[in-house]
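The next block is protein.tsv, given as TSV, C-alpha atoms and all ligand atoms.
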```
chain	number	residue	atom	x	y	z
A	1	MET	CA	-97.43	-22.43	-72.69
A	2	ARG	CA	-95.10	-19.73	-74.04
A	3	LEU	CA	-91.41	-20.58	-74.34
A	4	PHE	CA	-88.75	-18.05	-73.25
A	5	LEU	CA	-84.97	-18.13	-73.30
A	6	ASP	CA	-83.15	-17.47	-70.01
A	7	THR	CA	-80.01	-15.78	-71.32
A	8	ALA	CA	-78.44	-12.44	-72.20
A	9	ASP	CA	-76.39	-13.92	-75.08
A	10	ILE	CA	-77.69	-12.30	-78.29
A	11	ASP	CA	-76.25	-15.06	-80.50
A	12	GLU	CA	-78.19	-17.72	-78.56
A	13	ILE	CA	-81.34	-15.58	-78.78
A	14	ARG	CA	-80.94	-15.04	-82.55
A	15	GLU	CA	-80.47	-18.78	-83.15
A	16	ILE	CA	-83.60	-19.86	-81.24
A	17	ASN	CA	-85.63	-16.91	-82.57
A	18	ARG	CA	-84.95	-18.29	-86.07
A	19	TRP	CA	-87.02	-21.37	-85.16
A	20	GLY	CA	-90.22	-19.29	-84.81
A	21	VAL	CA	-91.16	-20.55	-81.33
A	22	LEU	CA	-89.55	-17.96	-79.07
A	23	SER	CA	-92.05	-15.76	-77.23
A	24	GLY	CA	-89.75	-13.85	-74.88
A	25	VAL	CA	-86.50	-13.64	-72.92
A	26	THR	CA	-85.66	-13.48	-69.22
A	27	THR	CA	-82.42	-11.96	-67.99
A	28	ASN	CA	-80.97	-11.56	-64.52
A	29	PRO	CA	-77.90	-9.72	-63.16
A	30	SER	CA	-75.74	-12.88	-63.33
A	31	LEU	CA	-76.64	-13.53	-66.98
A	32	VAL	CA	-76.01	-9.90	-68.00
A	33	ALA	CA	-72.71	-9.85	-66.06
A	34	ARG	CA	-71.61	-12.98	-67.96
A	35	GLU	CA	-71.68	-10.95	-71.21
A	36	GLY	CA	-69.04	-8.53	-69.83
A	37	GLN	CA	-70.49	-5.58	-71.77
A	38	ASP	CA	-72.49	-2.42	-71.09
A	39	PRO	CA	-75.85	-3.72	-69.75
A	40	ASP	CA	-77.78	-1.01	-71.64
A	41	GLN	CA	-76.33	-2.25	-74.93
A	42	VAL	CA	-77.01	-5.91	-74.04
A	43	TRP	CA	-80.66	-5.16	-73.15
A	44	LYS	CA	-81.13	-2.95	-76.24
A	45	GLU	CA	-80.11	-5.73	-78.63
A	46	ILE	CA	-82.39	-8.24	-76.91
A	47	LEU	CA	-85.38	-5.85	-76.82
A	48	GLU	CA	-84.96	-5.23	-80.56
A	49	GLU	CA	-84.44	-8.89	-81.50
A	50	VAL	CA	-87.53	-10.39	-79.82
A	51	PRO	CA	-90.89	-8.57	-79.91
A	52	GLY	CA	-92.28	-10.55	-76.92
A	53	ASP	CA	-91.84	-9.91	-73.20
A	54	ILE	CA	-88.24	-9.23	-72.14
A	55	SER	CA	-87.57	-9.27	-68.39
A	56	LEU	CA	-84.91	-6.80	-67.15
A	57	GLU	CA	-83.99	-7.11	-63.47
A	58	THR	CA	-83.57	-4.36	-60.90
A	59	THR	CA	-80.49	-4.44	-58.67
A	60	GLU	CA	-81.26	-1.71	-56.14
A	61	PRO	CA	-82.14	-3.33	-52.78
A	62	GLU	CA	-84.19	-0.46	-51.30
A	63	ALA	CA	-87.77	0.25	-52.45
A	64	ASP	CA	-87.43	3.91	-53.53
A	65	ALA	CA	-84.26	3.32	-55.54
A	66	MET	CA	-85.65	0.06	-56.95
A	67	TYR	CA	-88.79	1.88	-58.09
A	68	GLU	CA	-86.73	4.60	-59.85
A	69	GLN	CA	-84.53	1.96	-61.48
A	70	GLY	CA	-87.62	0.00	-62.54
A	71	VAL	CA	-89.15	3.08	-64.19
A	72	GLY	CA	-85.92	3.54	-66.14
A	73	LEU	CA	-85.86	-0.11	-67.24
A	74	SER	CA	-89.50	0.03	-68.34
A	75	GLN	CA	-88.75	3.03	-70.55
A	76	LYS	CA	-86.19	1.12	-72.62
A	77	ALA	CA	-88.90	-0.42	-74.85
A	78	PRO	CA	-92.63	-1.26	-74.79
A	79	ASN	CA	-91.82	-4.99	-74.44
A	80	ALA	CA	-89.72	-4.51	-71.28
A	81	VAL	CA	-90.98	-6.23	-68.11
A	82	VAL	CA	-89.36	-5.14	-64.84
A	83	LYS	CA	-88.11	-7.86	-62.51
A	84	VAL	CA	-88.23	-7.22	-58.77
A	85	PRO	CA	-87.18	-9.70	-56.07
A	86	MET	CA	-89.58	-11.37	-53.62
A	87	THR	CA	-88.66	-9.11	-50.71
A	88	PRO	CA	-90.69	-6.52	-48.78
A	89	ASP	CA	-88.86	-3.78	-50.74
A	90	GLY	CA	-89.43	-5.64	-54.01
A	91	LEU	CA	-93.17	-5.84	-53.30
A	92	ALA	CA	-93.35	-2.17	-52.28
A	93	ALA	CA	-91.45	-1.02	-55.37
A	94	GLY	CA	-93.48	-3.41	-57.52
A	95	LYS	CA	-96.77	-1.99	-56.21
A	96	ARG	CA	-95.68	1.52	-57.25
A	97	LEU	CA	-94.50	0.32	-60.66
A	98	ILE	CA	-97.86	-1.41	-61.25
A	99	ALA	CA	-99.65	1.82	-60.26
A	100	ASP	CA	-97.68	3.44	-63.11
A	101	ASP	CA	-98.97	0.73	-65.51
A	102	ILE	CA	-95.56	-0.95	-65.62
A	103	ARG	CA	-95.61	-4.74	-65.88
A	104	ILE	CA	-93.54	-6.53	-63.22
A	105	ASN	CA	-92.08	-10.01	-62.89
A	106	VAL	CA	-91.60	-11.05	-59.25
A	107	THR	CA	-88.51	-13.23	-59.17
A	108	LEU	CA	-86.69	-15.49	-56.69
A	109	VAL	CA	-89.96	-17.17	-55.70
A	110	PHE	CA	-89.56	-20.51	-53.93
A	111	SER	CA	-92.91	-21.16	-52.19
A	112	PRO	CA	-96.66	-21.00	-52.82
A	113	ALA	CA	-96.95	-18.44	-49.99
A	114	GLN	CA	-94.57	-16.10	-51.85
A	115	ALA	CA	-96.54	-16.67	-55.07
A	116	ILE	CA	-99.74	-15.56	-53.31
A	117	LEU	CA	-98.01	-12.30	-52.35
A	118	ALA	CA	-96.91	-11.74	-55.97
A	119	ALA	CA	-100.48	-12.25	-57.20
A	120	GLU	CA	-101.97	-10.01	-54.50
A	121	VAL	CA	-99.61	-7.17	-55.39
A	122	GLY	CA	-100.85	-7.48	-58.99
A	123	ALA	CA	-97.72	-8.82	-60.71
A	124	TYR	CA	-97.86	-9.55	-64.43
A	125	ILE	CA	-95.53	-12.54	-63.93
A	126	VAL	CA	-94.41	-14.67	-60.97
A	127	SER	CA	-91.20	-16.71	-61.35
A	128	PRO	CA	-90.85	-19.84	-59.20
A	129	PHE	CA	-87.33	-21.36	-59.51
A	130	LEU	CA	-87.73	-25.12	-59.98
A	131	GLY	CA	-84.10	-26.21	-60.46
A	132	ARG	CA	-82.78	-24.33	-57.44
A	133	LEU	CA	-85.48	-25.97	-55.29
A	134	ASP	CA	-84.48	-29.40	-56.61
A	135	ASP	CA	-80.83	-28.51	-55.82
A	136	VAL	CA	-81.63	-28.24	-52.09
A	137	GLY	CA	-83.63	-31.47	-51.98
A	138	SER	CA	-87.02	-29.80	-52.38
A	139	ASP	CA	-89.67	-30.56	-55.02
A	140	GLY	CA	-89.59	-27.78	-57.64
A	141	VAL	CA	-92.36	-29.23	-59.81
A	142	GLY	CA	-94.49	-29.85	-56.70
A	143	VAL	CA	-94.19	-26.18	-55.71
A	144	LEU	CA	-95.09	-25.13	-59.28
A	145	ARG	CA	-98.17	-27.42	-59.28
A	146	SER	CA	-99.31	-25.93	-55.98
A	147	ILE	CA	-98.92	-22.36	-57.30
A	148	CYS	CA	-100.87	-23.19	-60.48
A	149	GLU	CA	-103.67	-24.81	-58.42
A	150	ILE	CA	-103.90	-21.84	-56.06
A	151	TYR	CA	-103.97	-19.35	-58.94
A	152	ALA	CA	-106.75	-21.34	-60.68
A	153	VAL	CA	-108.85	-21.64	-57.50
A	154	GLN	CA	-108.39	-17.97	-56.62
A	155	GLY	CA	-108.78	-16.67	-60.17
A	156	TYR	CA	-105.45	-14.81	-60.05
A	157	GLN	CA	-104.48	-13.31	-63.41
A	158	THR	CA	-100.70	-13.26	-62.75
A	159	ASN	CA	-98.82	-15.39	-65.31
A	160	VAL	CA	-96.88	-18.31	-63.82
A	161	LEU	CA	-93.39	-18.48	-65.34
A	162	ALA	CA	-91.52	-21.69	-64.54
A	163	ALA	CA	-87.86	-20.65	-64.15
A	164	SER	CA	-84.54	-22.30	-63.34
A	165	LEU	CA	-85.38	-25.21	-65.64
A	166	ARG	CA	-82.54	-27.69	-66.14
A	167	HIS	CA	-83.77	-30.37	-68.60
A	168	PRO	CA	-86.58	-31.06	-71.11
A	169	MET	CA	-88.78	-32.94	-68.60
A	170	HIS	CA	-88.93	-29.76	-66.50
A	171	ILE	CA	-90.63	-28.09	-69.49
A	172	VAL	CA	-93.02	-31.03	-70.00
A	173	GLU	CA	-93.95	-31.07	-66.30
A	174	ALA	CA	-94.38	-27.28	-66.28
A	175	ALA	CA	-96.80	-27.58	-69.21
A	176	GLU	CA	-98.72	-30.38	-67.44
A	177	ALA	CA	-98.94	-28.28	-64.28
A	178	GLY	CA	-100.48	-25.41	-66.26
A	179	ALA	CA	-97.63	-22.89	-66.26
A	180	ASP	CA	-98.22	-19.98	-68.63
A	181	ILE	CA	-94.54	-19.60	-69.54
A	182	ALA	CA	-91.37	-21.71	-69.27
A	183	THR	CA	-87.96	-20.03	-69.44
A	184	MET	CA	-84.82	-22.07	-70.01
A	185	PRO	CA	-81.14	-21.79	-70.93
A	186	TYR	CA	-80.04	-22.24	-74.56
A	187	ASP	CA	-78.72	-25.77	-74.03
A	188	VAL	CA	-82.07	-26.93	-72.62
A	189	PHE	CA	-83.98	-25.24	-75.48
A	190	THR	CA	-81.85	-27.07	-78.07
A	191	LYS	CA	-82.53	-30.40	-76.30
A	192	LEU	CA	-86.31	-29.92	-76.78
A	193	VAL	CA	-86.03	-30.48	-80.53
A	194	LYS	CA	-83.75	-33.51	-80.37
A	195	HIS	CA	-84.81	-37.17	-80.55
A	196	PRO	CA	-82.62	-40.03	-81.82
A	197	LEU	CA	-85.55	-41.54	-83.75
A	198	THR	CA	-86.00	-38.23	-85.59
A	199	ASP	CA	-82.32	-38.32	-86.64
A	200	LEU	CA	-82.51	-42.01	-87.66
A	201	GLY	CA	-85.77	-41.47	-89.55
A	202	LEU	CA	-84.41	-38.45	-91.40
A	203	ALA	CA	-81.24	-40.31	-92.40
A	204	LYS	CA	-83.33	-43.22	-93.77
A	205	PHE	CA	-85.67	-40.91	-95.73
A	206	GLN	CA	-82.66	-39.10	-97.20
A	207	ALA	CA	-80.88	-42.35	-98.15
A	208	ASP	CA	-84.00	-43.80	-99.82
A	209	TRP	CA	-84.58	-40.54	-101.73
A	210	ASN	CA	-80.97	-40.42	-102.90
A	211	GLU	CA	-81.24	-44.06	-104.02
A	212	LEU	CA	-84.38	-43.28	-106.07
A	213	GLU	CA	-82.66	-40.31	-107.73
A	214	ARG	CA	-79.63	-42.45	-108.59
A	215	SER	CA	-81.81	-45.22	-110.11
A	216	LEU	CA	-83.86	-42.71	-112.16
A	217	LYS	CA	-80.62	-41.37	-113.61
A	218	GLY	CA	-79.66	-44.93	-114.53
A	219	GLU	CA	-76.78	-45.03	-112.13
A	220	ALA	CA	-75.80	-48.34	-110.58
B	301	LIG	O1	-83.36	-16.25	-64.50
B	301	LIG	C1	-84.00	-16.87	-63.43
B	301	LIG	C2	-83.72	-18.35	-63.34
B	301	LIG	O2	-84.25	-19.00	-64.47
B	301	LIG	C3	-82.27	-18.71	-63.07
B	301	LIG	O3	-82.04	-20.06	-63.22
B	301	LIG	O4	-80.37	-21.78	-63.74
B	301	LIG	O5	-79.65	-19.75	-62.47
B	301	LIG	O6	-81.09	-21.49	-61.40
B	301	LIG	P1	-80.73	-20.80	-62.66
```
Here is a file; write its structure as structure tokens.
Amino acid sequence: MRLFLDTADIDEIREINRWGVLSGVTTNPSLVAREGQDPDQVWKEILEEVPGDISLETTEPEADAMYEQGVGLSQKAPNAVVKVPMTPDGLAAGKRLIADDIRINVTLVFSPAQAILAAEVGAYIVSPFLGRLDDVGSDGVGVLRSICEIYAVQGYQTNVLAASLRHPMHIVEAAEAGADIATMPYDVFTKLVKHPLTDLGLAKFQADWNELERSLKGEA
């Protein structure tokens, strides 16, 4: 399962990219707006920093304008993936983008039925939102499992990207369900690496090593 960051903050992206495990980035209009800068500049820095798939989201609601905007976004870099919403216009625009060999990510997906539509249109990625489903008392991981099962049974090639992930167990459960990609905010990514026993073990190794060095130097 590939790991993506769900952010438009270039400092967060540079920090996680340093670890060597970052395969891509997802952005959305809210995340880009949070940066308070020219979106073109924000996207440019991200596209240059990470060679993997970078999702850039359309904001035009109507199919023709969304298609034109999507073409423009796709031309920013070869690693750009165009996000379209799970709406009739999003599907129609997405179909035309795919016909132009542009890879699309169908976003705001909350049900297996919507995920079937994304696969049938030929999307490169489908993005079910787990956390937002949990927020309304639904079962985000259950919906993800169902989508992964349907895609396996049907032989759909669309990549399942588990989105709106809120804690490390969401990532573990997404991997168990068979998701191809998990995207998460910076704070969740940093939690993946942490374990108190790792910290305790490292402190003990360091203390024992320092003690050996002191004794070899004849220090008390
Ligand atoms: O970017 C799509 C999705 O991951 C957003 O998540 O945390 O706003 O529910 P969130």
#### Entry: Test item: residues no farther than 12 Å from ligand LIG 301 (chain B), counting only C-alpha atoms and all ligand atoms, as number ranges by chain
A: 4-8, 25-32, 34, 54-57, 83-85, 105-110, 126-136, 140, 161-167, 170, 181-188
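Non-sequential neighbours of Pro112 of chain A (distance at most 12 Å, separation of 4 or more positions within a chain, all atoms listed in the file) are Met86, Ile116, Leu117, Ala118, Ala119, Val126, Ser127, Pro128, Phe129, Gly140, Val141, Gly142, Val143, Leu144, Arg145, Ser146, Ile147, Cys148, Glu149, Ile150, Tyr151 and Val160 of chain A.
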### Task
Could you jot down the atom CA of Ala152 of chain A to atom CA of Ala175 of chain A separation for me, Å, one decimal place?
14.5 Å
### Summary
Taken to one decimal, the atom CA of Glu173 of chain A-atom CA of Met1 of chain A distance is 11.3 Å
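Atom CA of Gln157 of chain A to atom CA of Tyr124 of chain A spans 7.7 Å [interatomic distance, one decimal].
The smallest atom-to-atom distance between Ser138 of chain A and any of A:Ala65, A:Val71, A:Ser111, A:Ile13, using all atoms listed in the file, is found for A:Ser111.
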### Message
Please determine, counting all atoms listed in the file, which residue among A:Val82, A:Val50, A:Val172, A:Ala123 has the shortest atom-to-atom distance to Arg18 of chain A.
### Response
A:Val50
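Nearest residue to Pro88 of chain A among A:Glu68, A:Glu45, A:Glu35, A:Glu62 is A:Glu62, counting all atoms listed in the file.
Shortest atom-to-atom contact with Pro78 of chain A among A:Pro196, A:Pro51, A:Pro39, A:Gly178: A:Pro51, counting all atoms listed in the file.
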### Query
Which residue, A:Ala92, A:Ile10, A:Ile125, A:Leu97, has the smallest gap to Trp43 of chain A when you use all atoms listed in the file?
A:Ile10
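Between Gly36 of chain A and the residues A:Pro168, A:Lys95, A:Lys217, A:Asp9, the shortest atom-to-atom distance, using only C-alpha atoms, involves A:Asp9.
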